[in-house]
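Notes to accompany the following structure.
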Protein chains: 4
Amino acid sequence: MIIVLKPKATPESAERLLKRISDAGLQPLHMPGSERVVLGALGDERVLAELALDGDPDVESVKPILAPYKLVSRELHAHDTIVRIGGVAIGGSSLVVIAGPCAVETPAQMRASAMAARKGGATILRAGAYKPRTSPYGFSGHGPAGLSILREVGDELGMPVVTEVMDTAEVDLVAEHADALQIGARNMHNFALLRAVGRSGKPVLLKRGLSARIEEWLLAAEYLLASGNDQVVLCERGIRTFETATRNTLDLNAIPYIKQRTHLPVIVDPSHGTGIRELVTPMALAAVACGADGIMVEVHENPAAALSDGAQSLYPAQFETLMKALAPVAQAVGRKL
Amino acid sequence: MIIVLKPKATPESAERLLKRISDAGLQPLHMPGSERVVLGALGDERVLAELALDGDPDVESVKPILAPYKLVSRELHAHDTIVRIGGVAIGGSSLVVIAGPCAVETPAQMRASAMAARKGGATILRAGAYKPRTSPYGFSGHGPAGLSILREVGDELGMPVVTEVMDTAEVDLVAEHADALQIGARNMHNFALLRAVGRSGKPVLLKRGLSARIEEWLLAAEYLLASGNDQVVLCERGIRTFETATRNTLDLNAIPYIKQRTHLPVIVDPSHGTGIRELVTPMALAAVACGADGIMVEVHENPAAALSDGAQSLYPAQFETLMKALAPVAQAVGRKL
Amino acid sequence: MIIVLKPKATPESAERLLKRISDAGLQPLHMPGSERVVLGALGDERVLAELALDGDPDVESVKPILAPYKLVSRELHAHDTIVRIGGVAIGGSSLVVIAGPCAVETPAQMRASAMAARKGGATILRAGAYKPRTSPYGFSGHGPAGLSILREVGDELGMPVVTEVMDTAEVDLVAEHADALQIGARNMHNFALLRAVGRSGKPVLLKRGLSARIEEWLLAAEYLLASGNDQVVLCERGIRTFETATRNTLDLNAIPYIKQRTHLPVIVDPSHGTGIRELVTPMALAAVACGADGIMVEVHENPAAALSDGAQSLYPAQFETLMKALAPVAQAVGRKL
Amino acid sequence: MIIVLKPKATPESAERLLKRISDAGLQPLHMPGSERVVLGALGDERVLAELALDGDPDVESVKPILAPYKLVSRELHAHDTIVRIGGVAIGGSSLVVIAGPCAVETPAQMRASAMAARKGGATILRAGAYKPRTSPYGFSGHGPAGLSILREVGDELGMPVVTEVMDTAEVDLVAEHADALQIGARNMHNFALLRAVGRSGKPVLLKRGLSARIEEWLLAAEYLLASGNDQVVLCERGIRTFETATRNTLDLNAIPYIKQRTHLPVIVDPSHGTGIRELVTPMALAAVACGADGIMVEVHENPAAALSDGAQSLYPAQFETLMKALAPVAQAVGRKL
């Protein structure tokens, strides 16, 4: 429920109304604007109706939030949210480029890959210390040791770092080392993890699940916001379809659809979205053309020797080519790189 | 099988080899290049092997075509094919924009919609006289009368026209009226129609089937080329997935994937690809950014009154906005509008 | 619209009402029952409303048909339709078993395969003279010669035959030779073919499209019934999903779903539904257990030498095993083999 | 790698070989059979090759395990595994029926629903204390209090209980209260949870992920076995496809496919697999007909008042009808209820 107060409503009116909402067992939201104060109330629709807030003398109008997601909706929060990871802003006029290898393998590999990422123009570093692997016999990351290497390299190069967390038991540890926590596609519906990461207060990169409808993805983001964390960046990384030529089907329709309905920034991962190195650059360009707030790309100093995802990782020179091709497209849609 | 002749090979050698191929019951192909003559042989792999062409004194090398599609493959035909519809070239440095209403409704509606398309900058006109409809009770087009209206309006405005043909029995009639024949998504696997349209000699717009893998789509194009028609434009229009927020999932991955593997032009239909008017412009931009040779867009003088597909049809003013937004993106990727 | 007449309504009343419906440009339906006469009216809902039939003195009640499909709906036609192919009834208490090779290859292969089918207990023979093939270079059937062989073998063994028709231009020829016409998965949305087959008056086996929703499949059947042909058997043959272990995903949910909503018989093709010979028998049993009116199975005298679909064709001995396993399951659900 | 020892090989030979495998950093497996001793070695294929076990005098043959899954494969373990939950055996000639409400709501609701389940013939009780909900505002279960109620009712009625665990932090607590732990569809790729549940030693019910290929599902089971837990029951519960008429598409192809390739028992959940109460009974019959080792069904004393999944929950009388219909089908395929 969105409650718009009358122009004459005082701060005391707002406080009084928020208390009524809260006393009824609902979640109150305070959204002061430049011209009007807007309040929100989340919870059981029947209880909301019983409050009869539209009869209150300080209330101008009351309207329901139609979408099943509330806090992430533009209906409740009209302006774009800017998420800050380290010193980098995501969601404004500048595009963000997050790059790095799939996994932290060795200090040397991490450093060389990070330097390639920074040289190309990336401003945030990515790499996994905990890797979700379909088979229990695959390389599943170096864990805490990997986190330390990533942190060290990030500090050395002055780049904030984002890395995946896969278990509630590891949220604190990962949060100590990283500037932002990634929730991977396979954990988008791991609700315990969503709540734990939400409570951590760290910026979050929330990837879309392999078979998640857009609405379900936004509801996963709603879990994070409902846990008190609004520093959420959505990341489209391809969905699972019948097509086998590419690893996944990158659903770029989702970008303008989401930008029109929510205030959260959305970026695109063309590496997982295609699974094929040669498709990464054209799809990065397409992502920016349709309104993405940035891209996340796998770059490895030597993809042929990568322990995971080598086929979709860019060589350093390819990443530079991508960035050069991206700049004029960014400009064409009024964004900066 | 691709047969590269030695530099010294004479036209008579080529002729002699083509005759051997043909006498063995295989399809011979003649591809003279600036430096070398290349021959092709299509058919039963065992017969091909028995010919033992690699032992011929005029043959430098013989290599198999690995993809299941042959004539559409870049392996056999390295350079981009330019398809000409009326006077408009598709597949070169200039992007093509095909626009018009979903269906021919009335002469007035057709004329007004076509004028909006031309004013915005479209160079080819589209509209359906035969409409595939899920329900037998839906509006299925005006048939021959619709074809006449479309032809007349196209001539009036100096725009070549493309329209769908749904039955082998109607290929001749539609070919008389249209500059190019469209094979719709629901008929991509209608092999009798593919063969009939292939034989017609008219340029073809081949839409991807709702659940066609890229390889199957290219094999449908192979049917057209194998029937003697190489004037084929592929059109991505979205695939069917579990996502219900959008009508289809526009698979832009397919664009660079296909451009790298075939010589045929590929365009994108963001109207069917999204099913939502507000998503058409961003997805048109994305299509061009990732390498599409053009777009096909539904524009209606008054979408609210359209007999079909109103929700995804652009208002004239929206189409103009699209075209203005598209120009800088085209330039950013080195294409002209 | 379903119009239930009052018990006192005379045949003249019914005729008068049918004329009113017809005069309004709507399609009238006459469904005399043992206790009441029920009429139907199909067409534009607004015209239907204007008729105000509920105010007629002979009319007891008028109710809309909620489903988008009308003639195939149980709302309009409560009792099971029995379709007759040759002397074989489909849709009653006896299950139908249709078997035979994928394609007519030679008279000897056809005869041997048909004898295996009959020996196992099949009562209808299947084989393709026109084969839809993804590649233009695949074996696409012997056409008219294949039809003759099939007819001859069917007559010899006293089995009615069903075979696929792929083009409106071939409907008459195929109808001359076959007892029932099959519309294949790739042509389920070939509306011209649906109309032509509907008008042929021959019993039809309508396969579900690879990515057709159940509602779309029933609307394809509606095309047939709306063309005057109610001898329609639906055939579930698997849908396309992300799963690659099996050729298709057999959607048995569709069987009870459809049986509850329509009056048409539904059978299952576990050969295409799985694509793996070893899965055919268990899935045939499952099909019957959940209510299918029969099965269609590929049986070949020598699958290892089959020109198409060998991997999913049963050896004669396997087909006998299937039939022996099927009998007790049929009995368990109150059906006869 | 599977290592078959010669008949003359002594226990000491086996021990010696296991030590060699172990010393090379590989996982050794000991599988004594009635006629031969078979050993297994899991790990890096190159290290395995270097061991050159086929040259050992006590070794008869060495063969690779082709499937990516090893411990769950019939290649390594030919006989059916029987899993025991409380006193109930799953995987033998008797079918298991697990029933109960979606969620533990109140002691009275739980008791009444459990009595309905037992009366119908269920031998294991199910109900959720932790519920995965798409929206953060949905009822997510009573947690520890729910576990206590479930345990109490199970003890009262003499039924072992199975319930879902969603977080590694809760594995111990849930394991204290339940006889078997369920890993839900949304957590099938939660690898941390798989490992933790594997180490718990409790029997596990592993549901298939919404978009998990069969191979991925079996690799998730491999995680459990690789953690030392072979008490694993697989549960097919429907996959996500383009079909919207049913909540999911129940993939019964998976049942015979898996039974042929693995030794683990597989059951089917037709409640989630269809999402529609009226389809539960026919699909339960189909599941058993194609070889499932049992079913899991949602039964609620009053589905209309259920806090979750009411539309797919059976009324007590419907469950009794299901069980009566199931008995003859079970018998038809040689199983007991």
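By order of appearance in the structure tokens: chains A, B, ..., then residues from 1 within every chain, and ligands from 1 in the order shown.
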Residues of chain C were defined as contacting chain D if any atom lay at most 8 Å from it, counting only C-alpha atoms; please report them as a PDB file with N, CA and C atoms, in the first residue's frame.
```pdb
ATOM      1  N   SER C 211       6.381 -27.418 -29.444  1.00  0.00           N
ATOM      2  CA  SER C 211       6.336 -26.431 -28.370  1.00  0.00           C
ATOM      3  C   SER C 211       4.932 -25.877 -28.230  1.00  0.00           C
ATOM      4  N   ALA C 212       3.953 -26.726 -28.511  1.00  0.00           N
ATOM      5  CA  ALA C 212       2.560 -26.269 -28.425  1.00  0.00           C
ATOM      6  C   ALA C 212       2.036 -26.432 -27.009  1.00  0.00           C
ATOM      7  N   ARG C 213       1.469 -25.378 -26.478  1.00  0.00           N
ATOM      8  CA  ARG C 213       0.753 -25.496 -25.207  1.00  0.00           C
ATOM      9  C   ARG C 213      -0.502 -26.337 -25.462  1.00  0.00           C
ATOM     10  N   ILE C 214      -1.001 -26.965 -24.414  1.00  0.00           N
ATOM     11  CA  ILE C 214      -2.181 -27.814 -24.569  1.00  0.00           C
ATOM     12  C   ILE C 214      -3.321 -27.018 -25.201  1.00  0.00           C
ATOM     13  N   GLU C 215      -3.490 -25.781 -24.764  1.00  0.00           N
ATOM     14  CA  GLU C 215      -4.583 -24.969 -25.308  1.00  0.00           C
ATOM     15  C   GLU C 215      -4.428 -24.754 -26.811  1.00  0.00           C
ATOM     16  N   THR C 241      12.001 -29.519 -24.373  1.00  0.00           N
ATOM     17  CA  THR C 241      12.394 -28.828 -23.144  1.00  0.00           C
ATOM     18  C   THR C 241      13.913 -28.733 -23.118  1.00  0.00           C
ATOM     19  N   PHE C 242      14.448 -28.321 -21.975  1.00  0.00           N
ATOM     20  CA  PHE C 242      15.904 -28.213 -21.818  1.00  0.00           C
ATOM     21  C   PHE C 242      16.563 -29.578 -21.635  1.00  0.00           C
ATOM     22  N   GLU C 243      15.783 -30.618 -21.360  1.00  0.00           N
ATOM     23  CA  GLU C 243      16.360 -31.942 -21.088  1.00  0.00           C
ATOM     24  C   GLU C 243      16.947 -32.535 -22.367  1.00  0.00           C
ATOM     25  N   THR C 244      18.169 -33.005 -22.302  1.00  0.00           N
ATOM     26  CA  THR C 244      18.807 -33.567 -23.495  1.00  0.00           C
ATOM     27  C   THR C 244      19.038 -35.070 -23.389  1.00  0.00           C
ATOM     28  N   ALA C 245      18.752 -35.656 -22.234  1.00  0.00           N
ATOM     29  CA  ALA C 245      18.963 -37.102 -22.076  1.00  0.00           C
ATOM     30  C   ALA C 245      17.981 -37.888 -22.944  1.00  0.00           C
ATOM     31  N   THR C 246      16.796 -37.354 -23.099  1.00  0.00           N
ATOM     32  CA  THR C 246      15.784 -37.980 -23.945  1.00  0.00           C
ATOM     33  C   THR C 246      15.502 -37.048 -25.132  1.00  0.00           C
ATOM     34  N   THR C 249      10.438 -34.539 -24.076  1.00  0.00           N
ATOM     35  CA  THR C 249       9.888 -34.813 -22.751  1.00  0.00           C
ATOM     36  C   THR C 249       8.425 -35.200 -22.947  1.00  0.00           C
ATOM     37  N   LEU C 250       8.116 -36.465 -22.683  1.00  0.00           N
ATOM     38  CA  LEU C 250       6.738 -36.925 -22.860  1.00  0.00           C
ATOM     39  C   LEU C 250       5.880 -36.281 -21.772  1.00  0.00           C
ATOM     40  N   ASP C 251       4.887 -35.508 -22.172  1.00  0.00           N
ATOM     41  CA  ASP C 251       4.081 -34.772 -21.195  1.00  0.00           C
ATOM     42  C   ASP C 251       2.796 -35.538 -20.903  1.00  0.00           C
ATOM     43  N   LEU C 252       2.895 -36.510 -20.003  1.00  0.00           N
ATOM     44  CA  LEU C 252       1.694 -37.303 -19.702  1.00  0.00           C
ATOM     45  C   LEU C 252       0.671 -36.529 -18.888  1.00  0.00           C
ATOM     46  N   ASN C 253       1.093 -35.466 -18.202  1.00  0.00           N
ATOM     47  CA  ASN C 253       0.100 -34.602 -17.539  1.00  0.00           C
ATOM     48  C   ASN C 253      -1.019 -34.241 -18.512  1.00  0.00           C
ATOM     49  N   PRO C 256      -4.617 -36.821 -18.674  1.00  0.00           N
ATOM     50  CA  PRO C 256      -5.823 -36.586 -17.859  1.00  0.00           C
ATOM     51  C   PRO C 256      -6.351 -35.161 -17.989  1.00  0.00           C
ATOM     52  N   TYR C 257      -5.449 -34.196 -18.200  1.00  0.00           N
ATOM     53  CA  TYR C 257      -5.902 -32.811 -18.360  1.00  0.00           C
ATOM     54  C   TYR C 257      -6.879 -32.705 -19.527  1.00  0.00           C
ATOM     55  N   THR C 274      10.181 -40.401 -26.255  1.00  0.00           N
ATOM     56  CA  THR C 274      11.417 -40.673 -25.512  1.00  0.00           C
ATOM     57  C   THR C 274      12.627 -40.679 -26.447  1.00  0.00           C
ATOM     58  N   LEU C 279      13.067 -47.078 -23.318  1.00  0.00           N
ATOM     59  CA  LEU C 279      12.073 -46.359 -22.519  1.00  0.00           C
ATOM     60  C   LEU C 279      10.661 -46.517 -23.073  1.00  0.00           C
ATOM     61  N   PRO C 282       8.120 -48.952 -20.734  1.00  0.00           N
ATOM     62  CA  PRO C 282       7.607 -48.343 -19.490  1.00  0.00           C
ATOM     63  C   PRO C 282       6.707 -47.137 -19.738  1.00  0.00           C
ATOM     64  N   MET C 283       7.020 -46.324 -20.765  1.00  0.00           N
ATOM     65  CA  MET C 283       6.196 -45.141 -20.983  1.00  0.00           C
ATOM     66  C   MET C 283       4.857 -45.494 -21.636  1.00  0.00           C
ATOM     67  N   LEU C 285       3.204 -48.140 -20.771  1.00  0.00           N
ATOM     68  CA  LEU C 285       2.436 -48.548 -19.596  1.00  0.00           C
ATOM     69  C   LEU C 285       1.931 -47.328 -18.822  1.00  0.00           C
ATOM     70  N   ALA C 286       2.821 -46.343 -18.663  1.00  0.00           N
ATOM     71  CA  ALA C 286       2.433 -45.132 -17.937  1.00  0.00           C
ATOM     72  C   ALA C 286       1.296 -44.415 -18.664  1.00  0.00           C
ATOM     73  N   ALA C 287       1.385 -44.377 -19.994  1.00  0.00           N
ATOM     74  CA  ALA C 287       0.361 -43.686 -20.784  1.00  0.00           C
ATOM     75  C   ALA C 287      -1.012 -44.282 -20.529  1.00  0.00           C
ATOM     76  N   VAL C 288      -1.076 -45.601 -20.558  1.00  0.00           N
ATOM     77  CA  VAL C 288      -2.356 -46.262 -20.347  1.00  0.00           C
ATOM     78  C   VAL C 288      -2.821 -46.083 -18.901  1.00  0.00           C
ATOM     79  N   ALA C 289      -1.873 -46.120 -17.977  1.00  0.00           N
ATOM     80  CA  ALA C 289      -2.245 -45.968 -16.565  1.00  0.00           C
ATOM     81  C   ALA C 289      -2.899 -44.627 -16.285  1.00  0.00           C
ATOM     82  N   CYS C 290      -2.487 -43.584 -16.982  1.00  0.00           N
ATOM     83  CA  CYS C 290      -3.065 -42.262 -16.685  1.00  0.00           C
ATOM     84  C   CYS C 290      -4.235 -41.918 -17.593  1.00  0.00           C
ATOM     85  N   GLY C 291      -4.689 -42.895 -18.399  1.00  0.00           N
ATOM     86  CA  GLY C 291      -5.939 -42.663 -19.093  1.00  0.00           C
ATOM     87  C   GLY C 291      -5.905 -42.543 -20.599  1.00  0.00           C
ATOM     88  N   ALA C 325       3.202 -56.881 -21.330  1.00  0.00           N
ATOM     89  CA  ALA C 325       3.265 -56.068 -20.109  1.00  0.00           C
ATOM     90  C   ALA C 325       2.087 -55.106 -20.021  1.00  0.00           C
ATOM     91  N   PRO C 328      -1.983 -56.396 -18.396  1.00  0.00           N
ATOM     92  CA  PRO C 328      -2.454 -56.265 -17.003  1.00  0.00           C
ATOM     93  C   PRO C 328      -2.636 -54.816 -16.558  1.00  0.00           C
ATOM     94  N   VAL C 329      -1.838 -53.895 -17.094  1.00  0.00           N
ATOM     95  CA  VAL C 329      -2.015 -52.486 -16.731  1.00  0.00           C
ATOM     96  C   VAL C 329      -3.354 -51.987 -17.280  1.00  0.00           C
ATOM     97  N   ALA C 332      -5.966 -53.170 -15.108  1.00  0.00           N
ATOM     98  CA  ALA C 332      -5.944 -52.483 -13.810  1.00  0.00           C
ATOM     99  C   ALA C 332      -6.707 -51.165 -13.848  1.00  0.00           C
ATOM    100  N   VAL C 333      -6.754 -50.528 -15.025  1.00  0.00           N
ATOM    101  CA  VAL C 333      -7.482 -49.262 -15.119  1.00  0.00           C
ATOM    102  C   VAL C 333      -8.815 -49.437 -15.854  1.00  0.00           C
TER     103      VAL C 333
END
```
Please identify the strand (DSSP E or B) residues within range 39-256 of chain B (assignment by DSSP from backbone atoms) and present them as a short mmCIF file (atom, residue, chain, number, x, y, z; two decimals) with C-alpha atoms, in the first residue's frame.
```
data_model
loop_
_atom_site.label_atom_id
_atom_site.label_comp_id
_atom_site.auth_asym_id
_atom_site.auth_seq_id
_atom_site.Cartn_x
_atom_site.Cartn_y
_atom_site.Cartn_z
CA LEU B 39 34.09 -26.59 -56.26
CA GLY B 40 31.49 -28.13 -54.00
CA ALA B 41 29.84 -31.51 -53.95
CA LEU B 42 26.76 -32.24 -51.89
CA VAL B 59 42.81 -30.88 -57.12
CA GLU B 60 44.83 -29.26 -54.37
CA SER B 61 42.74 -30.26 -51.38
CA VAL B 62 39.41 -31.74 -50.41
CA LYS B 63 37.78 -31.07 -47.08
CA SER B 73 27.71 -22.17 -44.42
CA VAL B 83 19.84 -9.99 -50.75
CA ARG B 84 17.89 -7.50 -52.86
CA ILE B 85 14.20 -6.86 -52.19
CA VAL B 88 16.79 -2.40 -51.30
CA ALA B 89 19.96 -4.31 -50.44
CA ILE B 90 20.08 -6.34 -47.23
CA SER B 94 23.38 -0.19 -44.67
CA VAL B 96 17.38 -2.36 -43.52
CA VAL B 97 14.25 -1.28 -41.68
CA ILE B 98 11.07 -3.14 -42.60
CA ALA B 99 7.91 -1.73 -41.05
CA GLY B 100 4.17 -1.80 -41.34
CA ALA B 103 -2.30 -7.16 -41.04
CA ILE B 124 10.43 -1.90 -47.07
CA LEU B 125 6.76 -2.31 -46.23
CA ARG B 126 5.31 -5.30 -44.39
CA GLY B 128 -0.12 -9.70 -43.69
CA VAL B 161 6.55 -5.14 -49.99
CA VAL B 162 7.05 -8.36 -48.05
CA THR B 163 4.16 -10.54 -46.91
CA GLU B 164 3.60 -14.00 -45.49
CA ALA B 180 9.57 -10.92 -51.04
CA LEU B 181 7.83 -13.88 -49.42
CA GLN B 182 7.80 -14.36 -45.67
CA ILE B 183 7.77 -17.82 -44.14
CA VAL B 204 12.55 -14.94 -48.81
CA LEU B 205 12.28 -13.75 -45.24
CA LEU B 206 12.64 -16.89 -43.13
CA LYS B 207 11.49 -16.49 -39.55
CA VAL B 232 17.31 -15.62 -48.13
CA VAL B 233 17.11 -13.27 -45.14
CA LEU B 234 16.90 -14.89 -41.70
CA CYS B 235 14.71 -13.22 -39.09
CA GLU B 236 15.01 -13.83 -35.34
CA ILE B 239 11.72 -18.28 -28.99
CA THR B 249 12.32 -14.55 -25.41
#
```
Fewer than 3 positions away in the same chain doesn't count, so skip those; otherwise give me all residues within 9 Å of Ala317 in chain B, counting only C-alpha atoms, as a ChimeraX atom specification.
/B:116,120,314,320-322
Need the shell around Leu150 in chain D: protein/DNA/RNA residues with any atom at most 8 Å away, counting only C-alpha atoms. Skip same-chain ones fewer than 3 positions apart. Format as a PyMOL selection string?
chain D and resi 104+110+127+146-147+153-154+161
Residues just named, written with C-alpha atoms as a short mmCIF file (atom, residue, chain, number, x, y, z; two decimals), in the first residue's frame:
```cif
data_model
loop_
_atom_site.label_atom_id
_atom_site.label_comp_id
_atom_site.auth_asym_id
_atom_site.auth_seq_id
_atom_site.Cartn_x
_atom_site.Cartn_y
_atom_site.Cartn_z
CA VAL D 104 2.81 -28.11 9.52
CA MET D 110 -1.16 -31.97 11.46
CA ALA D 127 5.09 -31.97 6.16
CA GLY D 146 6.81 -27.13 13.44
CA LEU D 147 9.50 -29.77 13.75
CA VAL D 153 2.41 -36.65 15.52
CA GLY D 154 4.74 -39.10 13.77
CA VAL D 161 8.68 -38.49 9.18
#
```
Fewer than 3 positions away in the same chain doesn't count, so skip those; otherwise give me all residues within 9 Å of Gly92 in chain A, counting only C-alpha atoms, as a PyMOL selection string.
chain A and resi 80-83+89+95+265+293+335
For the residues in that selection, give me N, CA and C atoms as a PDB file, in the first residue's frame.
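selection_11.pdb, freshly written:
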```pdb
ATOM      1  N   ASP A  80      15.862   6.045  -9.671  1.00  0.00           N
ATOM      2  CA  ASP A  80      16.891   5.012  -9.768  1.00  0.00           C
ATOM      3  C   ASP A  80      17.724   4.932  -8.493  1.00  0.00           C
ATOM      4  N   THR A  81      17.907   3.745  -7.992  1.00  0.00           N
ATOM      5  CA  THR A  81      18.815   3.539  -6.867  1.00  0.00           C
ATOM      6  C   THR A  81      20.249   3.461  -7.389  1.00  0.00           C
ATOM      7  N   ILE A  82      21.130   4.159  -6.713  1.00  0.00           N
ATOM      8  CA  ILE A  82      22.559   4.064  -7.045  1.00  0.00           C
ATOM      9  C   ILE A  82      23.198   3.167  -5.985  1.00  0.00           C
ATOM     10  N   VAL A  83      23.810   2.080  -6.426  1.00  0.00           N
ATOM     11  CA  VAL A  83      24.498   1.180  -5.497  1.00  0.00           C
ATOM     12  C   VAL A  83      25.985   1.504  -5.551  1.00  0.00           C
ATOM     13  N   ALA A  89      30.091   3.767  -8.354  1.00  0.00           N
ATOM     14  CA  ALA A  89      28.625   3.900  -8.346  1.00  0.00           C
ATOM     15  C   ALA A  89      28.023   3.114  -9.500  1.00  0.00           C
ATOM     16  N   LEU A  95      28.511   3.683 -16.891  1.00  0.00           N
ATOM     17  CA  LEU A  95      28.373   2.226 -16.899  1.00  0.00           C
ATOM     18  C   LEU A  95      29.458   1.615 -16.017  1.00  0.00           C
ATOM     19  N   PRO A 265      19.590  -1.094 -10.139  1.00  0.00           N
ATOM     20  CA  PRO A 265      20.435  -1.231 -11.336  1.00  0.00           C
ATOM     21  C   PRO A 265      20.481  -2.682 -11.814  1.00  0.00           C
ATOM     22  N   ASP A 293      23.001  -1.273 -16.968  1.00  0.00           N
ATOM     23  CA  ASP A 293      23.828  -0.315 -16.242  1.00  0.00           C
ATOM     24  C   ASP A 293      25.294  -0.739 -16.201  1.00  0.00           C
ATOM     25  N   ARG A 335      25.322   7.139 -22.309  1.00  0.00           N
ATOM     26  CA  ARG A 335      26.001   6.697 -21.092  1.00  0.00           C
ATOM     27  C   ARG A 335      27.503   6.898 -21.242  1.00  0.00           C
TER      28      ARG A 335
END
```
Skip Ala192 in chain A itself and residues of its chain fewer than 6 positions away, then list as an mmCIF file with C-alpha atoms, in the first residue's frame all residues within 9 Å of it, counting only C-alpha atoms.
```
data_model
loop_
_atom_site.group_PDB
_atom_site.id
_atom_site.type_symbol
_atom_site.label_atom_id
_atom_site.label_comp_id
_atom_site.auth_asym_id
_atom_site.auth_seq_id
_atom_site.Cartn_x
_atom_site.Cartn_y
_atom_site.Cartn_z
ATOM 1 C CA ASP A 167 26.461 -20.831 2.278
ATOM 2 C CA THR A 168 24.987 -18.920 5.206
ATOM 3 C CA PRO D 132 10.639 -22.187 0.518
ATOM 4 C CA MET D 166 16.896 -25.418 3.642
ATOM 5 C CA ASP D 167 20.060 -24.203 5.333
#
```
Spatial neighbours of Gly43 in chain B, 10 Å, only C-alpha atoms, chain gap at least 4 places, as a CSV table (one decimal) with N, CA and C atoms, in the first residue's frame:
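As a result, around.csv now contains:
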```
chain,number,residue,atom,x,y,z
B,1,MET,N,31.3,-31.4,-49.3
B,1,MET,CA,32.7,-31.5,-49.6
B,1,MET,C,33.2,-30.3,-50.4
B,21,ILE,N,31.3,-35.2,-60.6
B,21,ILE,CA,30.4,-35.1,-59.4
B,21,ILE,C,29.0,-35.3,-59.7
B,24,ALA,N,28.0,-38.9,-60.6
B,24,ALA,CA,27.9,-39.8,-59.5
B,24,ALA,C,26.6,-39.5,-58.7
B,25,GLY,N,25.7,-38.7,-59.2
B,25,GLY,CA,24.5,-38.4,-58.6
B,25,GLY,C,24.5,-37.4,-57.5
B,26,LEU,N,25.6,-36.6,-57.4
B,26,LEU,CA,25.8,-35.6,-56.4
B,26,LEU,C,25.5,-34.2,-57.0
B,27,GLN,N,25.3,-33.3,-56.1
B,27,GLN,CA,25.0,-31.9,-56.5
B,27,GLN,C,26.3,-31.2,-56.6
B,28,PRO,N,26.7,-30.7,-57.9
B,28,PRO,CA,27.9,-30.0,-58.1
B,28,PRO,C,27.7,-28.5,-57.8
B,47,VAL,N,29.4,-41.9,-51.3
B,47,VAL,CA,29.6,-41.7,-52.7
B,47,VAL,C,30.7,-40.7,-52.9
B,48,LEU,N,30.7,-39.6,-52.1
B,48,LEU,CA,31.7,-38.6,-52.2
B,48,LEU,C,33.1,-39.2,-52.0
C,137,TYR,N,18.8,-33.0,-47.0
C,137,TYR,CA,19.6,-34.1,-47.5
C,137,TYR,C,19.2,-35.5,-46.9
C,138,GLY,N,18.2,-35.5,-46.0
C,138,GLY,CA,17.8,-36.7,-45.4
C,138,GLY,C,16.8,-37.5,-46.2
```
Assign secondary structure with DSSP using the backbone only, and return the residues of range 184-312 of chain A in alpha helix (DSSP H) as a PyMOL selection string.
chain A and resi 191-200+214-226+254-261+270-274+277-289
If you measure from CA of Arg118 in chain A to CA of Val299 in chain A, what distance in Å do you get, rounded to one decimal?
10.4 Å
Compare B:Lys336, B:Lys324, B:Lys8, B:His300 by their minimum atom-to-atom distance to Ala108 in chain B, counting only C-alpha atoms, and give me the closest one.
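Result for the nearest residue to Ala108 in chain B: B:His300.
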Give me, please, the distance in Å between CA of Pro303 in chain D and CA of Pro101 in chain D, quoted to one decimal.
8.7 Å
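Across the structure, CA of Tyr315 in chain A and CA of Leu337 in chain A are spaced 20.3 Å apart.
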